[in-house]
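Source file my_file_20.txt; content: compact mmCIF, C-alpha atoms (C1' of nucleotides).
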# COMPACT_ATOMS: atom_id res chain seq x y z
CA MET A 1 10.36 -41.34 29.06
CA GLY A 2 6.74 -41.82 28.09
CA ILE A 3 5.12 -44.18 25.63
CA LYS A 4 6.12 -41.79 22.89
CA GLY A 5 9.72 -42.88 23.02
CA LYS A 6 8.99 -46.56 23.19
CA ASN A 7 9.46 -47.58 19.59
CA LYS A 8 12.07 -45.07 18.79
CA GLN A 9 15.76 -45.73 18.57
CA LYS A 10 17.78 -44.84 21.59
CA ILE A 11 20.65 -42.48 21.11
CA VAL A 12 22.74 -40.51 23.56
CA VAL A 13 23.54 -36.88 22.81
CA ILE A 14 26.51 -35.23 24.47
CA LEU A 15 26.56 -31.47 24.21
CA GLY A 16 28.14 -28.50 25.91
CA PRO A 17 30.43 -25.57 25.25
CA THR A 18 33.79 -25.82 23.57
CA ALA A 19 36.58 -27.15 25.78
CA SER A 20 34.17 -28.75 28.23
CA GLY A 21 35.47 -32.26 27.64
CA LYS A 22 32.76 -33.70 25.39
CA SER A 23 34.99 -35.80 23.18
CA ASP A 24 36.68 -37.52 26.06
CA LEU A 25 33.38 -38.26 27.76
CA ALA A 26 31.99 -39.73 24.54
CA VAL A 27 34.90 -42.14 24.30
CA GLN A 28 34.63 -43.19 27.93
CA LEU A 29 30.90 -43.81 27.69
CA SER A 30 31.30 -45.67 24.41
CA LEU A 31 33.85 -47.98 25.96
CA ARG A 32 31.65 -48.65 28.93
CA PHE A 33 28.34 -49.07 27.11
CA ASN A 34 29.39 -50.55 23.80
CA GLY A 35 28.91 -47.41 21.77
CA GLU A 36 30.30 -45.57 18.78
CA VAL A 37 30.62 -41.84 18.30
CA VAL A 38 28.93 -39.58 15.78
CA SER A 39 30.57 -36.18 15.79
CA ALA A 40 28.39 -33.08 15.50
CA ASP A 41 30.90 -30.40 14.71
CA SER A 42 30.72 -28.05 11.75
CA ARG A 43 34.50 -27.68 11.50
CA GLN A 44 35.68 -31.18 12.25
CA VAL A 45 33.89 -32.44 9.17
CA TYR A 46 36.68 -30.93 7.10
CA LYS A 47 39.82 -32.76 6.13
CA GLY A 48 43.04 -31.14 7.26
CA MET A 49 41.39 -29.09 9.97
CA ASN A 50 42.59 -31.02 12.96
CA ILE A 51 44.47 -29.05 15.56
CA GLY A 52 42.52 -25.83 15.22
CA SER A 53 39.17 -27.56 15.39
CA GLY A 54 40.15 -29.77 18.30
CA LYS A 55 39.53 -32.98 16.38
CA ILE A 56 40.10 -36.11 18.39
CA THR A 57 43.27 -38.03 17.54
CA LYS A 58 43.47 -41.69 16.65
CA LYS A 59 45.11 -42.40 19.98
CA GLU A 60 42.47 -40.53 21.94
CA MET A 61 39.72 -42.55 20.24
CA LYS A 62 40.96 -45.64 22.10
CA GLY A 63 39.65 -47.88 19.39
CA VAL A 64 36.14 -46.44 19.41
CA PRO A 65 34.93 -45.77 15.85
CA HIS A 66 34.11 -42.13 15.07
CA TYR A 67 31.87 -40.88 12.28
CA LEU A 68 31.42 -37.54 10.53
CA LEU A 69 35.05 -36.54 10.83
CA ASP A 70 36.98 -35.72 7.65
CA VAL A 71 34.00 -36.13 5.38
CA ALA A 72 34.43 -32.92 3.37
CA SER A 73 36.99 -30.72 1.68
CA PRO A 74 37.60 -27.33 3.28
CA LYS A 75 37.56 -25.84 -0.19
CA ARG A 76 33.88 -26.57 -0.46
CA LYS A 77 31.01 -25.63 1.76
CA PHE A 78 29.51 -28.32 3.93
CA THR A 79 25.91 -27.88 5.03
CA ALA A 80 23.57 -28.83 7.84
CA SER A 81 21.48 -30.83 5.43
CA ARG A 82 24.46 -32.85 4.30
CA TYR A 83 25.30 -33.37 7.93
CA LYS A 84 21.87 -34.72 8.56
CA GLN A 85 22.06 -37.21 5.72
CA LEU A 86 25.46 -38.51 6.66
CA SER A 87 24.85 -38.69 10.37
CA GLU A 88 21.58 -40.56 9.90
CA LYS A 89 23.42 -43.07 7.79
CA ALA A 90 26.10 -43.41 10.46
CA ILE A 91 23.54 -43.94 13.18
CA ASN A 92 21.81 -46.64 11.21
CA LYS A 93 25.09 -48.37 10.71
CA ILE A 94 25.82 -48.29 14.42
CA LEU A 95 22.37 -49.54 15.33
CA LYS A 96 22.69 -52.39 12.89
CA LYS A 97 25.73 -53.51 14.83
CA LYS A 98 23.60 -53.47 17.98
CA LYS A 99 25.69 -50.69 19.38
CA ILE A 100 24.71 -47.39 20.96
CA PRO A 101 25.20 -44.16 18.99
CA PHE A 102 26.74 -41.33 20.99
CA VAL A 103 26.16 -38.07 19.15
CA CYS A 104 28.76 -35.67 20.45
CA GLY A 105 29.54 -32.13 19.42
CA GLY A 106 29.22 -28.40 19.79
CA SER A 107 27.24 -27.46 16.69
CA ALA A 108 23.76 -27.06 18.06
CA PHE A 109 22.07 -26.56 14.73
CA TYR A 110 23.51 -29.82 13.45
CA ILE A 111 22.33 -31.66 16.54
CA LYS A 112 18.87 -30.20 16.22
CA ALA A 113 18.64 -30.99 12.53
CA LEU A 114 19.55 -34.58 13.25
CA VAL A 115 17.89 -35.35 16.54
CA ASP A 116 14.76 -33.25 16.32
CA GLY A 117 14.04 -34.45 12.80
CA ILE A 118 13.80 -31.03 11.26
CA ILE A 119 12.97 -31.38 7.61
CA LEU A 120 15.22 -29.19 5.56
CA PRO A 121 13.88 -28.36 2.08
CA GLU A 122 15.56 -30.32 -0.70
CA VAL A 123 16.92 -27.26 -2.42
CA PRO A 124 20.69 -26.98 -2.76
CA PRO A 125 22.25 -23.52 -2.41
CA ASP A 126 22.46 -21.53 -5.62
CA TRP A 127 25.43 -19.24 -5.09
CA ASN A 128 24.80 -17.16 -8.16
CA LEU A 129 21.26 -16.44 -7.10
CA ARG A 130 22.44 -15.62 -3.59
CA LYS A 131 25.05 -13.25 -4.92
CA LYS A 132 22.42 -11.47 -6.95
CA LEU A 133 19.97 -11.18 -4.07
CA GLU A 134 22.72 -10.08 -1.73
CA LYS A 135 22.76 -6.74 -3.52
CA GLU A 136 19.24 -5.89 -2.42
CA ASP A 137 18.47 -4.60 1.04
CA ALA A 138 16.50 -6.50 3.64
CA GLU A 139 13.34 -4.50 3.14
CA SER A 140 13.02 -5.19 -0.55
CA LEU A 141 13.85 -8.86 -0.02
CA TYR A 142 11.16 -9.05 2.58
CA LYS A 143 8.63 -7.48 0.26
CA LYS A 144 9.57 -9.95 -2.43
CA LEU A 145 9.13 -12.86 -0.08
CA LYS A 146 5.83 -11.59 1.20
CA LYS A 147 4.50 -11.53 -2.33
CA ILE A 148 5.50 -15.08 -3.20
CA ASP A 149 5.11 -16.77 0.18
CA PRO A 150 3.16 -14.77 2.76
CA LYS A 151 3.11 -17.67 5.17
CA ARG A 152 6.88 -17.88 5.46
CA ALA A 153 7.12 -14.10 5.53
CA LYS A 154 4.97 -14.08 8.61
CA ASN A 155 7.49 -15.82 10.84
CA ILE A 156 10.78 -14.87 9.26
CA ASP A 157 13.21 -12.38 10.76
CA ARG A 158 12.61 -9.57 8.30
CA GLN A 159 15.96 -7.98 8.92
CA ASN A 160 17.99 -11.09 8.39
CA LYS A 161 19.09 -11.05 4.78
CA ARG A 162 20.64 -14.46 4.86
CA ARG A 163 17.39 -16.07 5.93
CA LEU A 164 15.35 -14.01 3.49
CA ILE A 165 17.61 -15.02 0.63
CA ARG A 166 17.41 -18.67 1.57
CA ALA A 167 13.61 -18.54 1.68
CA ILE A 168 13.41 -16.90 -1.73
CA GLU A 169 15.90 -19.40 -3.06
CA ILE A 170 13.76 -22.33 -1.92
CA ILE A 171 10.67 -20.89 -3.56
CA GLU A 172 12.30 -19.96 -6.84
CA LYS A 173 14.06 -23.28 -7.23
CA SER A 174 11.30 -25.60 -6.06
CA LYS A 175 8.45 -23.48 -7.42
CA LYS A 176 6.73 -24.14 -4.13
CA PRO A 177 6.35 -22.25 -0.87
CA VAL A 178 8.77 -22.97 1.97
CA PRO A 179 7.57 -26.10 3.75
CA GLY A 180 6.96 -26.03 7.48
CA ILE A 181 9.44 -27.57 9.88
CA LYS A 182 7.99 -30.91 10.70
CA LYS A 183 9.39 -32.33 13.84
CA ASN A 184 9.07 -36.04 13.55
CA SER A 185 12.15 -37.57 15.04
CA PRO A 186 12.82 -41.29 14.70
CA TYR A 187 15.00 -41.12 17.79
CA ASN A 188 14.58 -41.34 21.50
CA PRO A 189 17.47 -39.23 22.73
CA LEU A 190 19.06 -38.93 26.12
CA PHE A 191 20.59 -35.48 26.39
CA LEU A 192 23.70 -35.03 28.48
CA GLY A 193 24.88 -31.45 28.83
CA LEU A 194 28.27 -30.65 30.25
CA LYS A 195 28.06 -27.74 32.60
CA ILE A 196 31.09 -25.70 33.55
CA SER A 197 31.60 -22.26 35.03
CA GLN A 198 32.69 -19.38 32.84
CA LYS A 199 35.85 -18.95 34.84
CA GLU A 200 36.88 -22.55 34.65
CA LEU A 201 36.06 -22.66 30.97
CA SER A 202 38.19 -19.62 30.26
CA LYS A 203 41.14 -21.30 31.95
CA LYS A 204 40.61 -24.47 29.98
CA ILE A 205 40.45 -22.58 26.72
CA GLU A 206 43.69 -20.83 27.54
CA LYS A 207 45.48 -24.04 28.36
CA ARG A 208 44.12 -25.75 25.31
CA LEU A 209 45.16 -22.91 23.04
CA LYS A 210 48.73 -23.07 24.31
CA LYS A 211 48.77 -26.77 23.56
CA ARG A 212 47.40 -26.21 20.10
CA LEU A 213 50.08 -23.68 19.32
CA GLN A 214 52.73 -26.15 20.46
CA ARG A 215 51.24 -28.85 18.32
CA GLY A 216 51.59 -26.68 15.23
CA MET A 217 48.28 -24.96 14.83
CA VAL A 218 49.72 -22.14 12.75
CA LYS A 219 51.57 -24.59 10.55
CA GLU A 220 48.34 -26.44 9.95
CA VAL A 221 46.67 -23.28 8.71
CA LYS A 222 49.66 -22.53 6.53
CA LYS A 223 49.40 -25.99 5.05
CA LEU A 224 45.74 -25.49 4.29
CA ARG A 225 46.58 -22.27 2.48
CA GLU A 226 49.29 -24.02 0.49
CA SER A 227 46.89 -26.75 -0.49
CA GLY A 228 44.66 -24.16 -2.09
CA VAL A 229 42.28 -22.98 0.62
CA SER A 230 42.08 -19.20 0.25
CA PHE A 231 42.74 -16.82 3.13
CA LYS A 232 39.22 -15.55 2.69
CA ARG A 233 37.86 -19.03 3.16
CA LEU A 234 40.09 -19.65 6.16
CA GLU A 235 38.85 -16.46 7.75
CA GLU A 236 35.29 -17.65 7.28
CA PHE A 237 35.94 -20.63 9.52
CA GLY A 238 36.41 -18.33 12.49
CA MET A 239 38.47 -18.56 15.65
CA GLU A 240 41.82 -20.37 15.27
CA TYR A 241 41.54 -20.47 11.47
CA GLU A 242 40.48 -16.87 11.06
CA TRP A 243 43.10 -15.36 13.33
CA ALA A 244 45.93 -17.65 12.30
CA ALA A 245 45.14 -16.71 8.71
CA LYS A 246 45.33 -13.03 9.59
CA TYR A 247 48.57 -13.64 11.42
CA LEU A 248 50.04 -15.45 8.42
CA GLN A 249 49.11 -12.48 6.25
CA LYS A 250 50.90 -10.27 8.78
CA LYS A 251 47.73 -8.34 9.48
CA ILE A 252 48.10 -8.94 13.22
CA SER A 253 50.81 -9.92 15.67
CA LYS A 254 51.13 -13.30 17.28
CA LYS A 255 50.07 -11.87 20.61
CA GLU A 256 47.00 -10.37 19.03
CA MET A 257 46.17 -13.68 17.41
CA VAL A 258 46.25 -15.47 20.73
CA GLU A 259 44.14 -12.80 22.40
CA ARG A 260 41.52 -12.83 19.67
CA ILE A 261 41.20 -16.60 19.66
CA GLN A 262 40.83 -16.67 23.42
CA LYS A 263 38.19 -13.97 23.40
CA GLU A 264 36.24 -15.45 20.52
CA SER A 265 36.30 -18.91 22.02
CA GLU A 266 34.78 -17.56 25.21
CA GLN A 267 32.10 -15.78 23.24
CA PHE A 268 31.45 -18.89 21.23
CA ALA A 269 30.99 -20.93 24.39
CA LYS A 270 28.33 -18.50 25.58
CA LYS A 271 26.53 -18.69 22.26
CA GLN A 272 26.64 -22.45 22.34
CA MET A 273 25.00 -22.51 25.75
CA ALA A 274 22.26 -20.18 24.59
CA TRP A 275 20.92 -22.90 22.31
CA TRP A 276 20.19 -25.25 25.18
CA LYS A 277 19.55 -22.94 28.09
CA ASN A 278 15.82 -23.49 28.15
CA ASP A 279 15.71 -27.02 26.82
CA LYS A 280 14.10 -29.10 29.54
CA ARG A 281 15.26 -32.36 28.03
CA ILE A 282 18.86 -31.81 28.96
CA ASN A 283 20.42 -33.49 31.96
CA TRP A 284 23.13 -31.14 33.10
CA ILE A 285 26.11 -32.99 34.46
CA LYS A 286 29.58 -32.28 35.76
CA THR A 287 31.24 -35.65 36.03
CA GLN A 288 31.62 -38.85 34.09
CA LYS A 289 30.10 -40.72 37.01
CA GLN A 290 26.87 -38.75 36.73
CA ALA A 291 26.77 -39.46 33.02
CA GLU A 292 27.26 -43.17 33.56
CA VAL A 293 24.37 -43.37 36.01
CA LEU A 294 22.06 -41.60 33.59
CA VAL A 295 23.09 -43.65 30.58
CA LYS A 296 22.75 -46.91 32.50
CA SER A 297 19.19 -46.25 33.55
CA PHE A 298 18.34 -44.94 30.08
CA LEU A 299 19.48 -48.10 28.35
C1' G B 1 61.17 24.86 31.65
C1' C B 2 59.07 26.25 26.83
C1' C B 3 56.07 25.03 22.39
C1' G B 4 52.47 21.81 20.11
C1' C B 5 48.69 17.94 20.36
C1' G B 6 45.40 15.24 23.16
C1' G B 7 42.20 13.84 27.88
C1' U B 8 34.12 12.18 25.84
C1' A B 9 30.93 4.68 27.33
C1' G B 10 35.10 -1.07 29.40
C1' C B 11 38.37 -0.03 24.61
C1' U B 12 39.32 2.96 19.90
C1' C B 13 37.50 7.44 18.63
C1' A B 14 33.36 11.10 16.21
C1' G B 15 30.78 15.51 17.65
C1' U B 16 27.99 20.08 19.21
C1' G B 17 26.84 27.08 22.80
C1' G B 18 20.82 24.19 24.44
C1' U B 19 23.78 18.19 29.54
C1' A B 20 25.93 13.51 23.80
C1' G B 21 27.05 9.56 19.46
C1' A B 22 29.56 5.31 16.35
C1' G B 23 32.31 0.72 16.07
C1' C B 24 33.95 -3.09 19.18
C1' A B 25 33.03 -5.21 24.15
C1' C B 26 28.96 -6.49 27.73
C1' U B 27 23.69 -8.48 28.84
C1' U B 28 19.30 -10.75 26.79
C1' C B 29 16.92 -12.98 22.64
C1' U B 30 15.88 -15.40 17.55
C1' C B 31 17.24 -19.52 14.64
C1' U B 32 13.70 -23.88 8.04
C1' G B 33 20.48 -26.75 3.36
C1' A B 34 26.81 -21.00 5.18
C1' A B 35 25.58 -22.26 11.99
C1' A B 36 32.71 -21.22 14.81
C1' A B 37 27.28 -18.43 10.28
C1' A B 38 23.40 -14.66 10.17
C1' G B 39 20.09 -11.37 12.67
C1' A B 40 17.35 -8.46 16.76
C1' A B 41 16.77 -5.82 21.41
C1' G B 42 18.97 -3.63 25.80
C1' G B 43 22.21 -1.51 29.82
C1' G B 44 26.13 1.86 30.46
C1' G B 45 29.01 8.41 30.28
C1' U B 46 29.30 14.08 36.81
C1' C B 47 32.18 14.80 28.12
C1' G B 48 40.20 15.38 33.04
C1' U B 49 39.71 19.05 37.59
C1' C B 50 38.54 23.96 39.43
C1' G B 51 37.02 28.73 38.16
C1' G B 52 35.14 32.58 34.47
C1' U B 53 31.90 34.47 30.26
C1' U B 54 26.69 33.36 29.04
C1' C B 55 19.67 32.80 29.90
C1' A B 56 22.43 28.18 28.95
C1' A B 57 29.00 25.30 28.69
C1' U B 58 30.89 18.85 27.16
C1' U B 59 31.47 22.83 23.42
C1' C B 60 34.23 29.59 24.38
C1' C B 61 38.23 31.72 27.95
C1' G B 62 41.87 30.96 32.11
C1' A B 63 44.51 28.09 35.61
C1' C B 64 45.84 23.42 37.14
C1' C B 65 46.46 17.93 36.72
C1' C B 66 47.60 13.70 33.47
C1' G B 67 49.47 11.46 28.67
C1' C B 68 52.22 11.91 23.97
C1' G B 69 55.66 14.46 20.63
C1' G B 70 59.30 18.38 19.76
C1' C B 71 62.78 22.18 21.57
C1' A B 72 66.01 23.39 25.29

Can you dump the structure from the file as structure tokens?
Amino acid sequence: MGIKGKNKQKIVVILGPTASGKSDLAVQLSLRFNGEVVSADSRQVYKGMNIGSGKITKKEMKGVPHYLLDVASPKRKFTASRYKQLSEKAINKILKKKKIPFVCGGSAFYIKALVDGIILPEVPPDWNLRKKLEKEDAESLYKKLKKIDPKRAKNIDRQNKRRLIRAIEIIEKSKKPVPGIKKNSPYNPLFLGLKISQKELSKKIEKRLKKRLQRGMVKEVKKLRESGVSFKRLEEFGMEYEWAAKYLQKKISKKEMVERIQKESEQFAKKQMAWWKNDKRINWIKTQKQAEVLVKSFL
RNA sequence: GCCGCGGUAGCUCAGUGGUAGAGCACUUCUCUGAAAAAGAAGGGGUCGUCGGUUCAAUUCCGACCCGCGGCA
């Protein structure tokens, strides 16, 4: 760490693919180094989504406080920006107690938004506007954007409608061009990345899925539906929620459900790794011991 | 045994007398308030086998092999 990190607040970031053992490591390190955990998971923020999202249980927390779990209703959409606000607040709280924040989770975009200090424009989603723009094709959206904000148009993926719509939304609502991403992080992070072979991971996912089914994963999804979360919404969540929802609607068999979840989890793990593959800041580790050595010298 | 239908990419299947496509999968990549999201690029096929017709066959004809259904 150079001078740059000197005045910044030290935080530890634990990342890695799904089923790699992040949550457990976070608890162990917190116990050892007087820390508290800030989750970085786009599904675990929702209330009632426990088994399918792999949310840590009270018992597994071993008394270590966890933040950013159960902070939203699954009926409403949570966002990266909201995540950033809440997690910053949580970190401040932890630091005030003279404890170490351990940011732990699999949602790379959330981690980046928080740790790398990306400034997300203060424009809330306008679903009506999005719906309207959704009807146009990418080319015409791109042309529209180019006219009102040529600078943003220059770097944007011109075939990605979702991004184009968001950019137009920001401009129309704020009456200003899309601001640049300023990276000005108040943190000095230590990145710990859990590395695990594809084969081993696949086995772990399989074992974990069996356990989840035993613990009542399907029942959990059924309960969510009964509490008013639509099947469409459940399918949007992906993986266990998507396929259990399809199974409950009798669109697929139980066997198919299990196969799809397994497959998609493996794909998801690969995608998760892609975010960090070329990030030189990450210390790739395999054991808790390695993590402890790194954290000790960091603090 | 007979009749019918089928055998084309890892899978499900389009298609054509001038040696082939789609979706999914796979590999690589991007990431400015949905991120388990969204998007991009790429690799891959002796078109069941052997013959025949033709300038040319994956496509037409014949035989055979394999699968599915029906009849006996």

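Shortest atom-to-atom contact with Asn283 (chain A) among A:Glu220, A:Lys195, A:Ala19, A:His66: A:Lys195, counting only C-alpha atoms.
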
request  = Specify as a VMD selection string all residues of chain A found within 9 Å of chain B, counting all atoms listed in the file.
outcome  = chain A and resid 42 to 43 77 to 82 107 to 110 118 to 125 157 to 163 166 to 167 178 to 181 236 to 239 264 to 265 268

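Between CA of Leu68 (chain A) and CA of Leu86 (chain A) there is a distance of 7.2 Å.
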
Please return the centre and edge lengths, in Å to one decimal, of a box with edges along x, y and z that contains all listed atoms of region 61-65 of chain B, widened by 6 Å on every side, as lines of an AutoDock Vina configuration file.
center_x = 42.3
center_y = 24.8
center_z = 32.5
size_x = 20.2
size_y = 25.8
size_z = 21.2

inquiry  = as a VMD selection string, please: the residues near A57 (chain B) (cut-off 10 Å, only C-alpha atoms (C1' of nucleotides), same-chain neighbours under 4 positions excluded).
reply    = chain B and resid 17 to 19 53

inquiry  = As an exercise, work out the distance from CA of Leu192 (chain A) to CA of Ile111 (chain A) in Å and give it to one decimal place.
reply    = 12.5 Å

task = Pick out the residues sitting within 12 Å of C2 (chain B), and hand them over as a VMD selection string; count only C-alpha atoms (C1' of nucleotides), and ignore anything fewer than 5 positions along from it in its own chain.
result = chain B and resid 70 to 72

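Take C1' of C24 (chain B) and CA of Leu209 (chain A): the distance between them is 23.1 Å.
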
inquiry  = Env of G10 (chain B): 10 Å cut, atoms = all atoms listed in the file, seq-sep filter 3 positions within chain, self excluded. Answer as a VMD selection string.
reply    = chain B and resid 25 to 26 44

ask   = With only C-alpha atoms as the basis for distance, which of A:Leu234, A:Leu145, A:Met217, A:Leu114 is at the shortest distance from Val258 (chain A)?
value = A:Met217

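In terms of minimum interatomic distance to Glu172 (chain A), A:Leu133 ranks closest within A:Leu133, A:Val37, A:Lys255, A:Ser202, counting all atoms listed in the file.
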
task = Excluding Val27 (chain A) and residues on its chain fewer than 5 positions from it, collect all residues at most 9 Å away from it, counting all atoms listed in the file, and give them as a list in words.
result = Lys22, Arg32, Gly35, Glu36, Val37, Glu60, Met61, Lys62, Gly63, Val64 and Phe102 of chain A
